[in-house]
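Structure first, then comments.
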Amino acid sequence: MLTVALAGKPNAGKSTFYTAATMADVDVANYPFTTVDPNRGVTYVRTRCPCLDREERCGNENCRDGKRYVPIELLDVAGLVPGAHEGKGLGNQFLDELTNADVVLNVVDASGATNAEGEPVEVGAHDPLDDVDFIEEEMDLWLAGIVDRNWEGVERQSRSPDFDLEAAVTDLLTGFGATEHDVTAVLRDLEYPDDPKTWTDDDREALARAIRRRTKPIVVVANKVDAAPEGAIDRLREGTDKPVVPATADGELALRRAAEAGVVDYDPGDEGFDVIGDVSEGQRDGLEAIRDAMTEHGGMGVQTALNAAVYDLLDRITVYPVQDASKWTDGTGNVLPDAFLLQSGSTPPDMAYAVHTDIGEGYLHAVDARSSRRIGEGHELSEGDVVKIVSTAGP
């Protein structure tokens, strides 16, 4: 399962975002380091379910009238403060947990109402663009420190006549989630000495920064956008090369709770909602304020940020394995029972391995369930493909 991590300084709204996205009970408070132990939960990315191309909806528990929700892991850990890579605040704890993430959502307070340490200040008193840069810098310097502390091992390996720098660096960075392919791609674009013993601190830091960018890409979540000064979002977008998603985690949480209570008709990621239950005048005013923010920004931003991280930044597609290509069912008659998030460009054998290693090793061929035609091993799958895998391993 893919893992999305929430990064940010204290009090930027990470825990509120986490609660809204997972509907799990966590501590949310207006002071730094509310989160001490990391929270792990399941949230979802949203896509169009293939059942919309059939006469009836699939009935899957993760499909809401054709809106398919695919599970991913969401990780929320302690906030970062300046100097986190040196262990200040709870920095080491956060950064160690970050190694498990595939992509990072940097939650910033777009209203500028919290300073660098996460303490409340007047709206607009702090520049949220500083928080975008500082989070990335802390992550880069933390990884640079790991590379520096372990570089002696690379130097020792270099004495061997069959020394391979790419293999040595891959071994060093495996715990950070870097693959041999990642290391090869990064080294290809860097200038560095042939002999690891002559590498400088700058060489190692350049390696760390490049590896972090490749293995832990960042989406900026401009939270508290409903309280942000005019032009704040434009300034964020102009000041960074990363995707910026306006969000109101408080509003999303309120809507999800109202939907659970039967007060509103709302599915995560919708650009609007309908009031279907009895509400007080104060509640109605609050809901209308949320509606105004949704209209201005095209939604609450929580689902948009998750989708941007997985489908855009990680370039994933959703595919659906079935056993019966005509009915789109598994062995017990469930329609479109499973959804897998694969790397764009994946092929039927890749899909087979994602379902199960044994299925992949016994792969024979695949059938496109939409056309009932066999597809080749090199065929690139697309978003929403429904595929029957034929394998010696089953079903």
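Ordering of the structure tokens sets the chain letters (A, B, ...), residue numbers begin anew at 1 in every chain, and ligands are numbered from 1 in the order given.
Using only C-alpha atoms, the residues found no farther than 8 Å from Gly177 in chain A, other than those of its own chain fewer than 6 positions away, are A:Thr99, A:Asn100, A:Asp102, A:Thr215.
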Please, could you write that set of residues out with all heavy atoms as an mmCIF file, in the first residue's frame?
data_model
loop_
_atom_site.group_PDB
_atom_site.id
_atom_site.type_symbol
_atom_site.label_atom_id
_atom_site.label_comp_id
_atom_site.auth_asym_id
_atom_site.auth_seq_id
_atom_site.Cartn_x
_atom_site.Cartn_y
_atom_site.Cartn_z
ATOM 1 N N THR A 99 11.059 8.050 6.347
ATOM 2 C CA THR A 99 11.687 7.097 5.435
ATOM 3 C C THR A 99 10.662 6.125 4.848
ATOM 4 O O THR A 99 10.892 5.544 3.792
ATOM 5 C CB THR A 99 12.790 6.286 6.136
ATOM 6 O OG1 THR A 99 12.234 5.563 7.225
ATOM 7 C CG2 THR A 99 13.886 7.205 6.648
ATOM 8 N N ASN A 100 9.532 5.950 5.527
ATOM 9 C CA ASN A 100 8.524 5.001 5.062
ATOM 10 C C ASN A 100 7.595 5.583 3.998
ATOM 11 O O ASN A 100 6.764 4.867 3.449
ATOM 12 C CB ASN A 100 7.673 4.523 6.249
ATOM 13 C CG ASN A 100 8.505 3.840 7.313
ATOM 14 O OD1 ASN A 100 9.315 2.983 7.007
ATOM 15 N ND2 ASN A 100 8.325 4.229 8.570
ATOM 16 N N ASP A 102 6.152 7.385 0.496
ATOM 17 C CA ASP A 102 6.383 7.447 -0.942
ATOM 18 C C ASP A 102 6.288 8.877 -1.460
ATOM 19 O O ASP A 102 6.879 9.209 -2.488
ATOM 20 C CB ASP A 102 5.347 6.582 -1.676
ATOM 21 C CG ASP A 102 5.470 5.113 -1.325
ATOM 22 O OD1 ASP A 102 6.482 4.509 -1.709
ATOM 23 O OD2 ASP A 102 4.563 4.580 -0.661
ATOM 24 N N THR A 215 12.871 10.520 -4.438
ATOM 25 C CA THR A 215 12.168 9.482 -3.680
ATOM 26 C C THR A 215 11.119 10.018 -2.716
ATOM 27 O O THR A 215 10.272 9.252 -2.260
ATOM 28 C CB THR A 215 13.167 8.628 -2.884
ATOM 29 O OG1 THR A 215 13.852 9.461 -1.931
ATOM 30 C CG2 THR A 215 14.183 7.979 -3.801
#
Sort by chain and increasing residue number a table of all residues of range 120-233 of chain A within 12 Å of range 300-318 of chain A, each with its closest pair of atoms and their distance in Å to one decimal, counting only C-alpha atoms, and write it as CSV.
residue,atom,partner,partner_atom,distance
A:Arg213,CA,A:Leu313,CA,11.4
A:Arg214,CA,A:Leu314,CA,10.1
A:Thr215,CA,A:Leu314,CA,9.6
A:Lys216,CA,A:Leu314,CA,9.7
A:Pro217,CA,A:Leu313,CA,7.2
A:Ile218,CA,A:Ala309,CA,7.7
A:Val219,CA,A:Ala309,CA,6.2
A:Val220,CA,A:Ala305,CA,8.2
A:Val221,CA,A:Ala305,CA,6.7
A:Ala222,CA,A:Gly301,CA,8.7
A:Asn223,CA,A:Gly301,CA,8.4
A:Lys224,CA,A:Met300,CA,10.0
A:Val225,CA,A:Met300,CA,9.4
A:Asp226,CA,A:Met300,CA,9.7
How would the residues just picked look written out with C-alpha atoms as a PDB file, in the first residue's frame?
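In the end it all went to out_29.pdb:
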ATOM      1  CA  ARG A 213      13.718  15.018  -4.532  1.00  0.00           C
ATOM      2  CA  ARG A 214      13.384  11.788  -6.463  1.00  0.00           C
ATOM      3  CA  THR A 215      12.168   9.482  -3.680  1.00  0.00           C
ATOM      4  CA  LYS A 216      10.195  11.888  -1.474  1.00  0.00           C
ATOM      5  CA  PRO A 217       8.475  14.381  -3.809  1.00  0.00           C
ATOM      6  CA  ILE A 218       6.382  17.096  -2.193  1.00  0.00           C
ATOM      7  CA  VAL A 219       2.907  18.556  -2.666  1.00  0.00           C
ATOM      8  CA  VAL A 220       2.253  21.808  -0.790  1.00  0.00           C
ATOM      9  CA  VAL A 221      -1.104  21.890   0.996  1.00  0.00           C
ATOM     10  CA  ALA A 222      -2.055  25.535   1.556  1.00  0.00           C
ATOM     11  CA  ASN A 223      -4.248  24.903   4.595  1.00  0.00           C
ATOM     12  CA  LYS A 224      -6.548  27.418   6.334  1.00  0.00           C
ATOM     13  CA  VAL A 225      -7.089  29.040   2.949  1.00  0.00           C
ATOM     14  CA  ASP A 226     -10.462  30.366   4.127  1.00  0.00           C
TER      15      ASP A 226
END
Which residues are close to Ala228 in chain A, i.e. within 12 Å by only C-alpha atoms, leaving aside same-chain residues fewer than 6 positions away? Reply as an MDAnalysis selection string. chainID A and resid 108:114 122:128 222 234:236 246:248 293
Could those residues be written to a file, using N, CA, C and O atoms, as a compact mmCIF listing (two decimals), in the first residue's frame?
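Now in part.txt:
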# COMPACT_ATOMS: atom_id res chain seq x y z
N VAL A 108 1.07 23.67 5.10
CA VAL A 108 1.47 24.99 5.57
C VAL A 108 0.24 25.80 5.96
O VAL A 108 -0.85 25.57 5.42
N ASP A 109 0.41 26.72 6.89
CA ASP A 109 -0.66 27.62 7.30
C ASP A 109 -0.69 28.80 6.33
O ASP A 109 0.08 29.74 6.46
N ALA A 110 -1.59 28.72 5.34
CA ALA A 110 -1.65 29.76 4.31
C ALA A 110 -2.10 31.10 4.86
O ALA A 110 -1.89 32.14 4.22
N SER A 111 -2.71 31.09 6.05
CA SER A 111 -3.17 32.35 6.63
C SER A 111 -2.03 33.15 7.26
O SER A 111 -2.20 34.32 7.59
N GLY A 112 -0.86 32.51 7.43
CA GLY A 112 0.26 33.20 8.05
C GLY A 112 0.04 33.51 9.52
O GLY A 112 0.61 34.46 10.05
N ALA A 113 -0.78 32.70 10.20
CA ALA A 113 -1.14 32.97 11.58
C ALA A 113 -0.37 32.12 12.59
O ALA A 113 -0.77 32.02 13.75
N THR A 114 0.70 31.44 12.14
CA THR A 114 1.59 30.72 13.05
C THR A 114 3.02 31.00 12.64
O THR A 114 3.34 31.00 11.45
N GLU A 122 -0.60 36.97 14.66
CA GLU A 122 -1.66 37.61 13.90
C GLU A 122 -1.70 37.07 12.47
O GLU A 122 -0.66 36.73 11.89
N VAL A 123 -2.91 37.02 11.89
CA VAL A 123 -3.05 36.58 10.51
C VAL A 123 -2.18 37.45 9.60
O VAL A 123 -2.19 38.67 9.69
N GLY A 124 -1.40 36.80 8.76
CA GLY A 124 -0.54 37.51 7.83
C GLY A 124 0.81 37.91 8.38
O GLY A 124 1.65 38.45 7.65
N ALA A 125 1.05 37.65 9.67
CA ALA A 125 2.32 38.06 10.28
C ALA A 125 3.49 37.18 9.85
O ALA A 125 4.64 37.60 9.93
N HIS A 126 3.20 35.96 9.41
CA HIS A 126 4.26 35.04 8.98
C HIS A 126 4.08 34.71 7.51
O HIS A 126 2.95 34.57 7.03
N ASP A 127 5.17 34.57 6.79
CA ASP A 127 5.12 34.25 5.36
C ASP A 127 5.10 32.74 5.18
O ASP A 127 6.09 32.06 5.46
N PRO A 128 3.99 32.18 4.70
CA PRO A 128 3.91 30.71 4.55
C PRO A 128 4.91 30.17 3.54
O PRO A 128 5.24 28.99 3.58
N ALA A 222 -1.86 24.19 1.00
CA ALA A 222 -2.05 25.54 1.56
C ALA A 222 -3.30 25.52 2.43
O ALA A 222 -4.40 25.88 2.00
N ASP A 234 -1.66 32.77 -4.60
CA ASP A 234 -0.89 33.13 -5.78
C ASP A 234 0.59 33.28 -5.43
O ASP A 234 1.47 32.86 -6.19
N ARG A 235 0.86 33.87 -4.28
CA ARG A 235 2.25 34.05 -3.85
C ARG A 235 2.93 32.70 -3.63
O ARG A 235 4.08 32.50 -4.00
N LEU A 236 2.21 31.76 -3.04
CA LEU A 236 2.77 30.42 -2.83
C LEU A 236 3.07 29.75 -4.17
O LEU A 236 4.14 29.15 -4.35
N PRO A 246 -4.87 24.51 -2.50
CA PRO A 246 -5.59 25.22 -1.43
C PRO A 246 -6.48 24.25 -0.66
O PRO A 246 -7.12 23.38 -1.27
N ALA A 247 -6.52 24.37 0.66
CA ALA A 247 -7.30 23.42 1.45
C ALA A 247 -7.86 24.08 2.70
O ALA A 247 -7.32 25.06 3.21
N THR A 248 -8.94 23.48 3.18
CA THR A 248 -9.54 23.86 4.46
C THR A 248 -9.84 22.57 5.20
O THR A 248 -10.94 22.00 5.08
N ALA A 293 -16.30 28.74 0.58
CA ALA A 293 -14.90 28.35 0.39
C ALA A 293 -14.78 27.28 -0.70
O ALA A 293 -13.85 27.30 -1.52
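With distances restricted to only C-alpha atoms, A:Leu95 is the closest residue to Glu137 in chain A from A:Ala261, A:Cys63, A:Val335, A:Leu95.
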Please provide as a PyMOL selection string all residues within 12 Å of Gly277 in chain A, with the sequence filter that same-chain residues fewer than 2 positions apart are discarded (counting only C-alpha atoms). chain A and resi 258-265+274-275+279-280+283-284
Residues of range 106-273 of chain A classed as strand (DSSP E or B) by DSSP on the backbone are to be reported as a list in words. Asn106, Val107, Val108, Asp109, Thr114, Pro120, Ile218, Val219, Val220, Val221, Ala222, Asn223, Val244, Val245, Pro246, Val264 and Asp265 of chain A
So which residues touch range 359-362 of chain A within 8 Å, counting only C-alpha atoms, skipping near sequence neighbours fewer than 2 positions away, as a ChimeraX atom specification? /A:349-357,364,391-394
Dump of N, CA, C and O atoms for the selected residues, as an mmCIF file, in the first residue's frame:
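Resulting contents of out25.cif:
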data_model
loop_
_atom_site.group_PDB
_atom_site.id
_atom_site.type_symbol
_atom_site.label_atom_id
_atom_site.label_comp_id
_atom_site.auth_asym_id
_atom_site.auth_seq_id
_atom_site.Cartn_x
_atom_site.Cartn_y
_atom_site.Cartn_z
ATOM 1 N N PRO A 349 2.034 -8.213 -16.907
ATOM 2 C CA PRO A 349 2.838 -8.961 -15.928
ATOM 3 C C PRO A 349 3.083 -8.159 -14.646
ATOM 4 O O PRO A 349 3.106 -8.741 -13.552
ATOM 5 N N ASP A 350 3.265 -6.844 -14.763
ATOM 6 C CA ASP A 350 3.418 -6.014 -13.560
ATOM 7 C C ASP A 350 2.174 -6.107 -12.687
ATOM 8 O O ASP A 350 2.257 -6.190 -11.460
ATOM 9 N N MET A 351 1.023 -6.066 -13.328
ATOM 10 C CA MET A 351 -0.238 -6.181 -12.607
ATOM 11 C C MET A 351 -0.353 -7.543 -11.930
ATOM 12 O O MET A 351 -0.797 -7.645 -10.774
ATOM 13 N N ALA A 352 0.084 -8.588 -12.625
ATOM 14 C CA ALA A 352 0.021 -9.933 -12.052
ATOM 15 C C ALA A 352 0.864 -10.027 -10.785
ATOM 16 O O ALA A 352 0.422 -10.591 -9.770
ATOM 17 N N TYR A 353 2.070 -9.453 -10.816
ATOM 18 C CA TYR A 353 2.923 -9.460 -9.627
ATOM 19 C C TYR A 353 2.315 -8.634 -8.502
ATOM 20 O O TYR A 353 2.488 -8.949 -7.320
ATOM 21 N N ALA A 354 1.607 -7.558 -8.843
ATOM 22 C CA ALA A 354 0.963 -6.727 -7.815
ATOM 23 C C ALA A 354 -0.135 -7.507 -7.100
ATOM 24 O O ALA A 354 -0.340 -7.351 -5.894
ATOM 25 N N VAL A 355 -0.834 -8.359 -7.845
ATOM 26 C CA VAL A 355 -1.892 -9.165 -7.234
ATOM 27 C C VAL A 355 -1.283 -10.191 -6.291
ATOM 28 O O VAL A 355 -1.694 -10.329 -5.144
ATOM 29 N N HIS A 356 -0.265 -10.916 -6.766
ATOM 30 C CA HIS A 356 0.430 -11.896 -5.929
ATOM 31 C C HIS A 356 1.683 -12.363 -6.665
ATOM 32 O O HIS A 356 1.664 -12.550 -7.889
ATOM 33 N N THR A 357 2.747 -12.579 -5.923
ATOM 34 C CA THR A 357 3.999 -13.017 -6.537
ATOM 35 C C THR A 357 3.817 -14.305 -7.329
ATOM 36 O O THR A 357 4.343 -14.456 -8.437
ATOM 37 N N LEU A 364 0.684 -16.261 -17.746
ATOM 38 C CA LEU A 364 0.576 -16.822 -19.101
ATOM 39 C C LEU A 364 0.157 -15.742 -20.098
ATOM 40 O O LEU A 364 0.845 -15.497 -21.076
ATOM 41 N N SER A 391 -2.960 -17.335 -15.259
ATOM 42 C CA SER A 391 -1.695 -17.751 -14.668
ATOM 43 C C SER A 391 -1.761 -19.210 -14.263
ATOM 44 O O SER A 391 -2.830 -19.748 -13.945
ATOM 45 N N THR A 392 -0.622 -19.865 -14.275
ATOM 46 C CA THR A 392 -0.547 -21.251 -13.814
ATOM 47 C C THR A 392 -0.818 -21.350 -12.315
ATOM 48 O O THR A 392 -1.113 -22.430 -11.808
ATOM 49 N N ALA A 393 -0.748 -20.213 -11.623
ATOM 50 C CA ALA A 393 -0.936 -20.223 -10.173
ATOM 51 C C ALA A 393 -2.390 -20.106 -9.755
ATOM 52 O O ALA A 393 -2.691 -20.067 -8.568
ATOM 53 N N GLY A 394 -3.301 -19.995 -10.678
ATOM 54 C CA GLY A 394 -4.697 -19.910 -10.255
ATOM 55 C C GLY A 394 -5.487 -18.969 -11.139
ATOM 56 O O GLY A 394 -5.013 -18.540 -12.182
#
Would you please extract all helix (DSSP H, G or I) residues from range 96-284 of chain A, as assigned by DSSP on the backbone, and give them as a ChimeraX atom specification? /A:96-98,128-157,165-176,180-189,196-198,201-215,225-227,232-239,249-260,281-284
Please report the interatomic distance between CA of Thr170 in chain A and CA of Glu152 in chain A in Å with one decimal. 14.5 Å
Please report the interatomic distance between CA of Leu341 in chain A and CA of Lys327 in chain A in Å with one decimal. 21.8 Å
Any idea what's packed within 12 Å of Pro50 in chain A, counting only C-alpha atoms, ignoring anything in its chain fewer than 2 positions away? Could you give it as a ChimeraX atom specification? /A:47-48,52-60,63,65-68,318-321,328,335-339,369-370,382-387
May I ask which of the residues A:Leu187, A:Ala167, A:Gly8, A:Val42 is the closest one to Phe134 in chain A, counting only C-alpha atoms?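 Under the stated criterion, the closest residue is A:Gly8.
Among A:Glu136, A:Asp131, A:Asp148, A:Glu377, the residue with the shortest atom-to-atom distance to Asp201 in chain A, counting only C-alpha atoms, is A:Asp148.
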Selection near Glu166 in chain A, 10 Å with only C-alpha atoms, sequence-local residues under 5 positions removed, as a PyMOL selection string: chain A and resi 171-172+180-187
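Distances from A:Val77, A:Ile389, A:Ile375, A:Leu381 to Leu342 in chain A were compared using only C-alpha atoms, and the smallest one belongs to A:Leu381.
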With distances taken over only C-alpha atoms, which residue among A:Asp330, A:Asp195, A:Glu271, A:Asp292 lies nearest Ser158 in chain A?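 Comparing A:Asp330, A:Asp195, A:Glu271, A:Asp292 against Ser158 in chain A, the winner is A:Asp195.
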For Leu98 in chain A, the nearest of the candidates A:Thr3, A:Thr329, A:Thr200, A:Asn62, counting only C-alpha atoms: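 The answer is A:Thr3, which sits nearest to Leu98 in chain A.
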Please, what distance in Å, to one decimal, runs between CA of Val245 in chain A and CA of Glu119 in chain A?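 Between CA of Val245 in chain A and CA of Glu119 in chain A the gap is 23.1 Å.
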